[in-house]
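Participant: Provided below: my_file.txt, containing compact mmCIF, C-alpha atoms and all ligand atoms.
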```txt
# COMPACT_ATOMS: atom_id res chain seq x y z
CA MET F 1 92.85 95.38 105.93
CA SER F 2 94.21 95.79 102.41
CA PHE F 3 96.35 98.74 101.38
CA VAL F 4 93.76 99.82 98.80
CA GLU F 5 90.14 98.93 99.56
CA VAL F 6 87.37 99.66 97.07
CA ARG F 7 83.96 98.87 98.44
CA ASN F 8 80.82 98.69 96.35
CA ILE F 9 81.56 101.75 94.22
CA PHE F 10 78.87 103.16 91.96
CA GLN F 11 79.55 106.21 89.80
CA SER F 12 77.02 107.97 87.59
CA TYR F 13 77.21 111.13 85.51
CA GLY F 14 73.74 112.66 85.74
CA LYS F 15 71.38 109.74 85.33
CA ARG F 16 73.89 107.69 83.37
CA PRO F 17 75.58 104.93 85.36
CA ILE F 18 79.25 104.41 84.42
CA LEU F 19 80.48 102.07 87.15
CA GLU F 20 78.46 99.76 89.38
CA ARG F 21 79.31 97.45 92.30
CA VAL F 22 83.09 97.77 91.89
CA ASN F 23 84.98 95.96 94.66
CA LEU F 24 88.72 95.52 94.92
CA ASP F 25 91.48 94.79 97.40
CA ALA F 26 95.05 95.55 96.41
CA GLU F 27 98.15 94.98 98.51
CA GLU F 28 100.98 97.46 98.79
CA GLY F 29 103.51 96.90 96.01
CA GLU F 30 101.09 95.25 93.59
CA PHE F 31 101.01 96.27 89.93
CA VAL F 32 97.40 96.27 88.79
CA SER F 33 96.69 96.57 85.06
CA ILE F 34 93.24 97.69 83.99
CA VAL F 35 91.77 96.89 80.57
CA GLY F 36 88.31 97.19 79.05
CA ALA F 37 86.34 98.57 76.13
CA SER F 38 86.63 102.24 75.28
CA GLY F 39 84.32 104.35 77.42
CA CYS F 40 83.64 101.64 80.03
CA GLY F 41 84.90 103.78 82.91
CA LYS F 42 88.59 102.89 83.38
CA SER F 43 89.74 106.51 83.63
CA THR F 44 86.74 107.26 85.84
CA PHE F 45 88.00 104.56 88.21
CA LEU F 46 91.46 106.18 88.29
CA ARG F 47 89.87 109.57 88.99
CA LEU F 48 88.02 108.01 91.93
CA LEU F 49 91.32 106.61 93.27
CA LEU F 50 92.75 110.11 92.85
CA ALA F 51 89.78 111.60 94.75
CA GLN F 52 89.21 113.91 91.80
CA GLU F 53 85.65 112.61 91.91
CA VAL F 54 83.45 111.39 94.73
CA PRO F 55 81.58 108.14 94.03
CA THR F 56 77.79 108.17 93.91
CA ARG F 57 77.87 105.23 96.33
CA GLY F 58 80.51 103.19 98.11
CA HIS F 59 83.94 104.18 99.39
CA ILE F 60 87.66 103.89 98.78
CA ARG F 61 90.26 103.61 101.53
CA ILE F 62 94.00 103.92 101.03
CA ASP F 63 95.96 102.59 103.98
CA GLY F 64 92.75 102.84 106.01
CA ASN F 65 92.02 106.50 105.12
CA ASP F 66 89.97 108.42 102.59
CA PRO F 67 92.17 109.25 99.57
CA ALA F 68 93.67 112.71 100.05
CA VAL F 69 92.28 115.33 97.67
CA GLU F 70 95.77 116.49 96.62
CA PRO F 71 98.09 113.87 95.18
CA GLY F 72 101.68 114.06 96.37
CA ARG F 73 103.12 111.86 99.08
CA GLU F 74 100.37 109.34 98.61
CA ARG F 75 99.70 109.26 94.86
CA GLY F 76 101.40 110.36 91.69
CA VAL F 77 99.74 110.35 88.30
CA VAL F 78 100.86 110.18 84.67
CA PHE F 79 98.56 110.55 81.67
CA GLN F 80 99.03 109.54 78.04
CA ARG F 81 99.59 113.15 77.02
CA TYR F 82 102.71 114.48 78.60
CA SER F 83 101.95 116.72 81.51
CA VAL F 84 105.33 118.43 81.55
CA PHE F 85 105.71 122.22 81.55
CA PRO F 86 107.08 123.31 78.14
CA HIS F 87 108.57 126.59 79.38
CA MET F 88 110.70 124.93 82.07
CA THR F 89 113.89 122.94 81.69
CA VAL F 90 113.94 119.24 82.49
CA ARG F 91 115.41 119.92 85.95
CA GLU F 92 112.89 122.69 86.67
CA ASN F 93 110.09 120.32 85.68
CA ILE F 94 111.24 117.83 88.30
CA VAL F 95 111.49 120.53 90.97
CA ALA F 96 107.98 121.66 90.01
CA GLY F 97 106.75 118.07 90.50
CA LYS F 98 107.86 118.25 94.10
CA SER F 99 106.57 121.73 94.71
CA PHE F 100 103.23 121.74 92.94
CA HIS F 101 101.43 122.31 96.22
CA ARG F 102 102.98 125.76 96.39
CA PRO F 103 103.43 128.42 93.69
CA LEU F 104 105.94 127.08 91.19
CA GLY F 105 109.54 127.98 91.67
CA ARG F 106 109.02 129.39 95.16
CA PHE F 107 112.23 127.86 96.39
CA PHE F 108 115.04 130.13 97.50
CA GLY F 109 118.60 129.79 98.77
CA ALA F 110 119.48 126.53 100.52
CA GLU F 111 115.99 125.15 100.01
CA ARG F 112 116.28 125.72 96.26
CA ARG F 113 119.68 124.03 96.14
CA ALA F 114 118.34 121.05 98.12
CA ALA F 115 115.35 120.78 95.74
CA GLN F 116 117.71 120.84 92.76
CA ALA F 117 119.95 118.16 94.30
CA ARG F 118 116.88 115.95 94.84
CA ALA F 119 115.79 116.65 91.27
CA ASP F 120 119.23 115.59 89.98
CA LYS F 121 118.92 112.27 91.85
CA THR F 122 115.57 111.65 90.18
CA LEU F 123 117.04 112.63 86.81
CA ASP F 124 119.81 110.08 87.34
CA ARG F 125 117.26 107.42 88.12
CA ILE F 126 115.16 108.12 85.03
CA GLY F 127 118.22 108.46 82.80
CA LEU F 128 117.76 112.15 81.94
CA ALA F 129 120.66 113.70 83.88
CA HIS F 130 122.46 114.48 80.60
CA VAL F 131 119.58 116.67 79.40
CA ALA F 132 118.83 118.43 82.72
CA ASP F 133 119.12 121.90 81.17
CA ALA F 134 117.20 121.10 77.97
CA TYR F 135 113.57 122.05 77.34
CA PRO F 136 110.93 119.32 76.83
CA ALA F 137 110.42 120.19 73.15
CA MET F 138 114.03 119.12 72.54
CA LEU F 139 113.34 115.61 73.90
CA SER F 140 111.92 112.52 72.20
CA GLY F 141 108.43 111.29 73.14
CA GLY F 142 109.88 108.52 75.33
CA MET F 143 112.13 110.97 77.14
CA GLN F 144 109.23 113.37 77.74
CA GLN F 145 107.16 110.56 79.18
CA ARG F 146 110.07 109.49 81.40
CA LEU F 147 110.18 113.10 82.58
CA ALA F 148 106.45 113.00 83.35
CA ILE F 149 106.98 109.79 85.35
CA GLY F 150 109.96 111.40 87.12
CA GLN F 151 107.78 114.38 87.98
CA ALA F 152 105.20 112.07 89.54
CA LEU F 153 107.89 110.11 91.40
CA VAL F 154 109.82 112.95 92.93
CA ALA F 155 107.32 113.26 95.77
CA GLN F 156 107.90 109.51 96.39
CA PRO F 157 104.23 108.55 96.21
CA ARG F 158 103.17 105.15 97.52
CA ILE F 159 100.78 104.75 94.58
CA LEU F 160 101.47 105.56 90.95
CA LEU F 161 98.44 105.95 88.66
CA LEU F 162 99.16 105.57 84.97
CA ASP F 163 96.48 106.30 82.36
CA GLU F 164 97.65 104.80 79.07
CA PRO F 165 101.11 106.17 79.76
CA PHE F 166 102.73 104.62 76.69
CA GLY F 167 99.80 104.93 74.27
CA ALA F 168 101.38 107.71 72.22
CA LEU F 169 104.82 106.08 71.90
CA ASP F 170 106.21 104.03 69.02
CA PRO F 171 106.64 100.27 69.67
CA GLY F 172 110.42 100.43 70.27
CA THR F 173 110.18 103.30 72.75
CA ARG F 174 107.29 101.52 74.40
CA LEU F 175 109.43 98.43 75.04
CA ALA F 176 112.19 100.63 76.48
CA MET F 177 109.60 102.25 78.77
CA HIS F 178 108.46 98.79 79.96
CA ALA F 179 112.02 97.98 81.00
CA PHE F 180 112.33 101.39 82.66
CA LEU F 181 109.11 100.98 84.63
CA THR F 182 109.99 97.42 85.71
CA GLU F 183 113.38 98.60 86.97
CA LEU F 184 111.85 101.58 88.74
CA ARG F 185 109.36 99.38 90.47
CA SER F 186 112.04 97.03 91.76
CA GLN F 187 113.75 100.08 93.29
CA THR F 188 110.70 101.69 94.86
CA ALA F 189 108.16 98.91 95.71
CA MET F 190 105.37 101.26 94.62
CA THR F 191 101.78 100.18 94.12
CA VAL F 192 100.82 100.84 90.51
CA PHE F 193 97.45 101.08 88.76
CA MET F 194 97.86 101.25 84.98
CA VAL F 195 95.07 101.64 82.42
CA THR F 196 96.10 100.28 79.05
CA HIS F 197 94.50 99.32 75.76
CA ASP F 198 97.31 96.85 75.12
CA LEU F 199 96.41 93.51 76.67
CA GLU F 200 99.89 92.12 76.19
CA GLU F 201 101.38 95.15 77.98
CA GLY F 202 98.87 94.67 80.81
CA PHE F 203 99.89 91.05 81.34
CA LYS F 204 103.59 91.70 80.87
CA LEU F 205 103.84 94.46 83.47
CA GLY F 206 100.98 93.63 85.83
CA ASP F 207 100.76 91.25 88.78
CA ARG F 208 97.04 91.34 88.13
CA VAL F 209 94.93 92.27 85.15
CA LEU F 210 91.44 93.61 85.86
CA VAL F 211 88.88 93.62 83.08
CA PHE F 212 86.10 96.23 83.29
CA ASP F 213 82.92 95.34 81.43
CA LYS F 214 79.15 95.47 81.70
CA THR F 215 77.41 92.42 83.09
CA ARG F 216 73.95 93.68 82.18
CA TRP F 217 72.80 95.07 78.86
CA ASP F 218 69.56 96.62 77.68
CA VAL F 219 69.67 96.65 73.88
CA ASP F 220 67.14 99.49 73.73
CA TYR F 221 68.94 101.57 76.34
CA PRO F 222 72.66 100.71 76.16
CA ASP F 223 73.48 103.46 78.68
CA ASN F 224 71.25 101.96 81.35
CA TYR F 225 73.93 99.96 83.15
CA GLY F 226 77.48 100.59 84.29
CA ALA F 227 80.60 98.44 84.11
CA THR F 228 82.22 96.45 86.89
CA ILE F 229 85.28 94.22 87.30
CA THR F 230 84.38 91.06 85.41
CA TYR F 231 87.80 89.33 85.54
CA ASP F 232 90.70 89.60 87.94
CA PHE F 233 93.55 87.60 86.39
CA ASP F 234 96.67 86.62 88.29
CA ALA F 235 99.40 87.60 85.85
CA ARG F 236 102.42 86.72 88.03
CA ASN F 237 104.89 84.08 86.93
CA GLY F 238 103.08 83.66 83.67
CA GLY F 239 99.86 82.97 85.64
CA ILE F 240 97.90 83.68 82.50
CA PRO F 241 100.05 82.62 79.58
CA PHE F 242 99.09 85.44 77.24
CA GLN F 243 101.31 84.12 74.46
CA ASN F 244 99.34 80.90 74.53
CA ILE F 245 96.11 82.81 74.12
CA MET F 246 97.63 84.52 71.08
CA GLU F 247 98.82 81.16 69.75
CA GLU F 248 95.41 79.62 70.29
CA GLN F 249 93.91 82.51 68.35
CA ASP F 250 96.34 81.78 65.53
CA VAL F 251 95.35 78.12 65.62
CA LEU F 252 91.71 79.11 65.44
CA LEU F 253 92.39 81.51 62.59
CA SER F 254 94.36 78.96 60.59
CA ALA F 255 91.76 76.29 61.34
CA THR F 256 89.01 78.48 59.90
CA ALA F 257 91.06 79.83 56.97
N1 LIG A 301 82.77 114.40 83.77
C1 LIG A 301 82.01 113.64 83.00
N2 LIG A 301 80.71 113.99 82.78
C2 LIG A 301 79.92 113.23 82.00
N3 LIG A 301 80.32 112.09 81.39
C3 LIG A 301 81.59 111.71 81.56
C4 LIG A 301 82.51 112.47 82.37
N4 LIG A 301 83.70 111.82 82.37
C5 LIG A 301 83.55 110.73 81.60
N5 LIG A 301 82.30 110.67 81.12
C6 LIG A 301 81.75 109.58 80.28
O1 LIG A 301 81.87 108.41 81.04
C7 LIG A 301 82.21 107.31 80.21
C8 LIG A 301 83.45 106.64 80.78
O2 LIG A 301 84.57 107.49 80.55
P1 LIG A 301 86.05 107.02 80.88
O3 LIG A 301 86.95 108.08 80.35
O4 LIG A 301 86.16 106.65 82.30
O5 LIG A 301 86.18 105.70 80.00
P2 LIG A 301 87.48 104.84 79.62
O6 LIG A 301 87.13 103.41 79.85
O7 LIG A 301 88.66 105.37 80.33
O8 LIG A 301 87.56 105.14 78.07
P3 LIG A 301 88.81 105.15 77.05
O9 LIG A 301 89.33 103.76 77.05
O10 LIG A 301 88.19 105.53 75.75
O11 LIG A 301 89.79 106.17 77.58
C9 LIG A 301 82.39 107.86 78.81
O12 LIG A 301 81.21 107.62 78.08
C10 LIG A 301 82.58 109.35 79.02
O13 LIG A 301 82.08 110.07 77.94
```
Using structure tokens, write down the structure that the file contains.
Ligand SMILES: Nc1ncnc2c1ncn2[C@@H]1O[C@H](COP(=O)(O)OP(=O)(O)OP(=O)(O)O)[C@@H](O)[C@H]1O
Facilitator:
Amino acid sequence: MSFVEVRNIFQSYGKRPILERVNLDAEEGEFVSIVGASGCGKSTFLRLLLAQEVPTRGHIRIDGNDPAVEPGRERGVVFQRYSVFPHMTVRENIVAGKSFHRPLGRFFGAERRAAQARADKTLDRIGLAHVADAYPAMLSGGMQQRLAIGQALVAQPRILLLDEPFGALDPGTRLAMHAFLTELRSQTAMTVFMVTHDLEEGFKLGDRVLVFDKTRWDVDYPDNYGATITYDFDARNGGIPFQNIMEEQDVLLSATA
């Protein structure tokens, strides 16, 4: 039994199929990058893993069980747009990440102090301890996204779902976030699913790179068929030498110039 089992998933919105026959096995600790054309259903797949949606057909098992409806211990999630609370300080945001299953801030006395101490540990880990009392608007984009990741991590989920988490960041900050995520992963052994539009990022960070695409097309009715996993690349130890693909493209370009 794999840690994450996806069996013959179909998902349609109304009559329109988005995903069809999606099958996947992922082991605990794997980093799975997901790429594919815009609108092919990558975020839909993450929502299914999050149990925010129920598939039209098929099933998903996480550690042998149906995915819990509420993320938390099992899954954390980070989207491209920062999901931090603007009216709370950095530390309060982390506490809220842990306590989102109850009304925010409902921690008192010793429990509140314990929650804050845990939050400070997370802030240390994500390098934001020095701005614990600042508000998100005072932070750079990279820092805000680190805060969002910290918020997802504070409940120590076994699976982290990232939907284009670095898409809104400038290239330098993006590289810093890659280093941050790689370090975090070595500390936590989390399983990660990351949707990205950046192929190079997918190969750099992922153990595997899944490509979602349609295998069937009807030119008259392009919405008739859904996408599935068409490639499952092993990206470990330079398994797919992405740089070489880029170089080959350059060779092709210069050959045709
Ligand atoms: N709740 C919904 N109801 C109806 N259609 C939806 C719903 N959610 C998504 N869609 C449609 O399903 C398709 C797949 O959407 P999804 O966001 O999963 O694609 P994506 O691959 O993540 O795209 P992108 O790369 O642009 O973010 C899109 O055409 C979208 O408009």
Participant: If you count all atoms listed in the file, which residues end up within 12 Å of ligand LIG 301 (chain A), as an NGL selection string?
Facilitator: :F and (11-19 or 34-48 or 52-54 or 79-80 or 162-165 or 167 or 194-198 or 211-214 or 222-229)
Participant: Considering all atoms listed in the file, return as a PyMOL selection string whatever protein or nucleic-acid residues lie within 9 Å of region 86-97 of chain F, sequence-local ones (same chain, fewer than 6 positions apart) excluded.
Facilitator: chain F and resi 72+103-105+112+115-116+118-120+122-123+128-129+131-137+144+147-148+150-155
Participant: Restricting the output to C-alpha atoms, write the selected residues as an mmCIF file, in the coordinates of the input.
Facilitator:
```cif
data_model
loop_
_atom_site.group_PDB
_atom_site.id
_atom_site.type_symbol
_atom_site.label_atom_id
_atom_site.label_comp_id
_atom_site.auth_asym_id
_atom_site.auth_seq_id
_atom_site.Cartn_x
_atom_site.Cartn_y
_atom_site.Cartn_z
ATOM 1 C CA GLY F 72 101.680 114.060 96.370
ATOM 2 C CA PRO F 103 103.430 128.420 93.690
ATOM 3 C CA LEU F 104 105.940 127.080 91.190
ATOM 4 C CA GLY F 105 109.540 127.980 91.670
ATOM 5 C CA ARG F 112 116.280 125.720 96.260
ATOM 6 C CA ALA F 115 115.350 120.780 95.740
ATOM 7 C CA GLN F 116 117.710 120.840 92.760
ATOM 8 C CA ARG F 118 116.880 115.950 94.840
ATOM 9 C CA ALA F 119 115.790 116.650 91.270
ATOM 10 C CA ASP F 120 119.230 115.590 89.980
ATOM 11 C CA THR F 122 115.570 111.650 90.180
ATOM 12 C CA LEU F 123 117.040 112.630 86.810
ATOM 13 C CA LEU F 128 117.760 112.150 81.940
ATOM 14 C CA ALA F 129 120.660 113.700 83.880
ATOM 15 C CA VAL F 131 119.580 116.670 79.400
ATOM 16 C CA ALA F 132 118.830 118.430 82.720
ATOM 17 C CA ASP F 133 119.120 121.900 81.170
ATOM 18 C CA ALA F 134 117.200 121.100 77.970
ATOM 19 C CA TYR F 135 113.570 122.050 77.340
ATOM 20 C CA PRO F 136 110.930 119.320 76.830
ATOM 21 C CA ALA F 137 110.420 120.190 73.150
ATOM 22 C CA GLN F 144 109.230 113.370 77.740
ATOM 23 C CA LEU F 147 110.180 113.100 82.580
ATOM 24 C CA ALA F 148 106.450 113.000 83.350
ATOM 25 C CA GLY F 150 109.960 111.400 87.120
ATOM 26 C CA GLN F 151 107.780 114.380 87.980
ATOM 27 C CA ALA F 152 105.200 112.070 89.540
ATOM 28 C CA LEU F 153 107.890 110.110 91.400
ATOM 29 C CA VAL F 154 109.820 112.950 92.930
ATOM 30 C CA ALA F 155 107.320 113.260 95.770
#
```
Participant: Rounded to one decimal, what separation in Å do you get between CA of Ala117 (chain F) and CA of Ile149 (chain F)?
Facilitator: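 These two atoms are separated by 17.8 Å.
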Participant: Just the number, please: distance in Å from CA of Lys204 (chain F) to CA of Ala235 (chain F), one decimal.
Facilitator: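 Atom-to-atom, CA of Lys204 (chain F) to CA of Ala235 (chain F), that is 7.7 Å.
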Participant: Go ahead and fit an axis-aligned box to every listed atom of region 137-145 of chain F plus 6 Å each side, and pass me the centre and edge lengths in Å, one decimal, as lines of an AutoDock Vina configuration file.
Facilitator:
```
center_x = 110.6
center_y = 114.4
center_z = 75.7
size_x = 18.9
size_y = 23.7
size_z = 19.0
```
Participant: Would you mind listing what lies within 8 Å of Arg61 (chain F) as a ChimeraX atom specification, with all atoms listed in the file counted and same-chain residues fewer than 6 positions away left out?
Facilitator: /F:3-6,67
Participant: Write a file of the just-selected residues containing C-alpha atoms, as a PDB file, keeping the file's coordinate frame.
Facilitator:
```
ATOM      1  CA  PHE F   3      96.350  98.740 101.380  1.00  0.00           C
ATOM      2  CA  VAL F   4      93.760  99.820  98.800  1.00  0.00           C
ATOM      3  CA  GLU F   5      90.140  98.930  99.560  1.00  0.00           C
ATOM      4  CA  VAL F   6      87.370  99.660  97.070  1.00  0.00           C
ATOM      5  CA  PRO F  67      92.170 109.250  99.570  1.00  0.00           C
TER       6      PRO F  67
END
```
Participant: With all atoms listed in the file as the counted atoms, please give the residues lying no more than 9 Å from Arg236 (chain F), apart from itself and same-chain residues fewer than 5 positions off, as number ranges by chain.
Facilitator: F: 203-204, 206-208
Participant: In Å to one decimal, how far is CA of Ala114 (chain F) from CA of Arg75 (chain F)?
Facilitator: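 CA of Ala114 (chain F) lies 22.3 Å from CA of Arg75 (chain F).
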Participant: Extract, using only C-alpha atoms, all DNA, RNA and protein residues at most 8 Å from Gly141 (chain F), discarding same-chain residues fewer than 4 positions from it, and format them as a list in words.
Facilitator: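 Within the cut-off, the hits are Gln145, Ala168 and Leu169 of chain F.
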Participant: Choose the residue, out of F:Phe31, F:Phe166, F:Phe180, F:Phe85, that has the smallest atom-to-atom separation from Leu210 (chain F); count all atoms listed in the file.
Facilitator: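 Ranking F:Phe31, F:Phe166, F:Phe180, F:Phe85 by distance to Leu210 (chain F), first place goes to F:Phe31.
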Participant: From the set F:Thr191, F:Arg174, F:Ile60, F:Asn8, which residue has the shortest atom-to-atom contact distance to Glu20 (chain F), counting all atoms listed in the file?
Facilitator: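 Nearest to Glu20 (chain F): F:Asn8.
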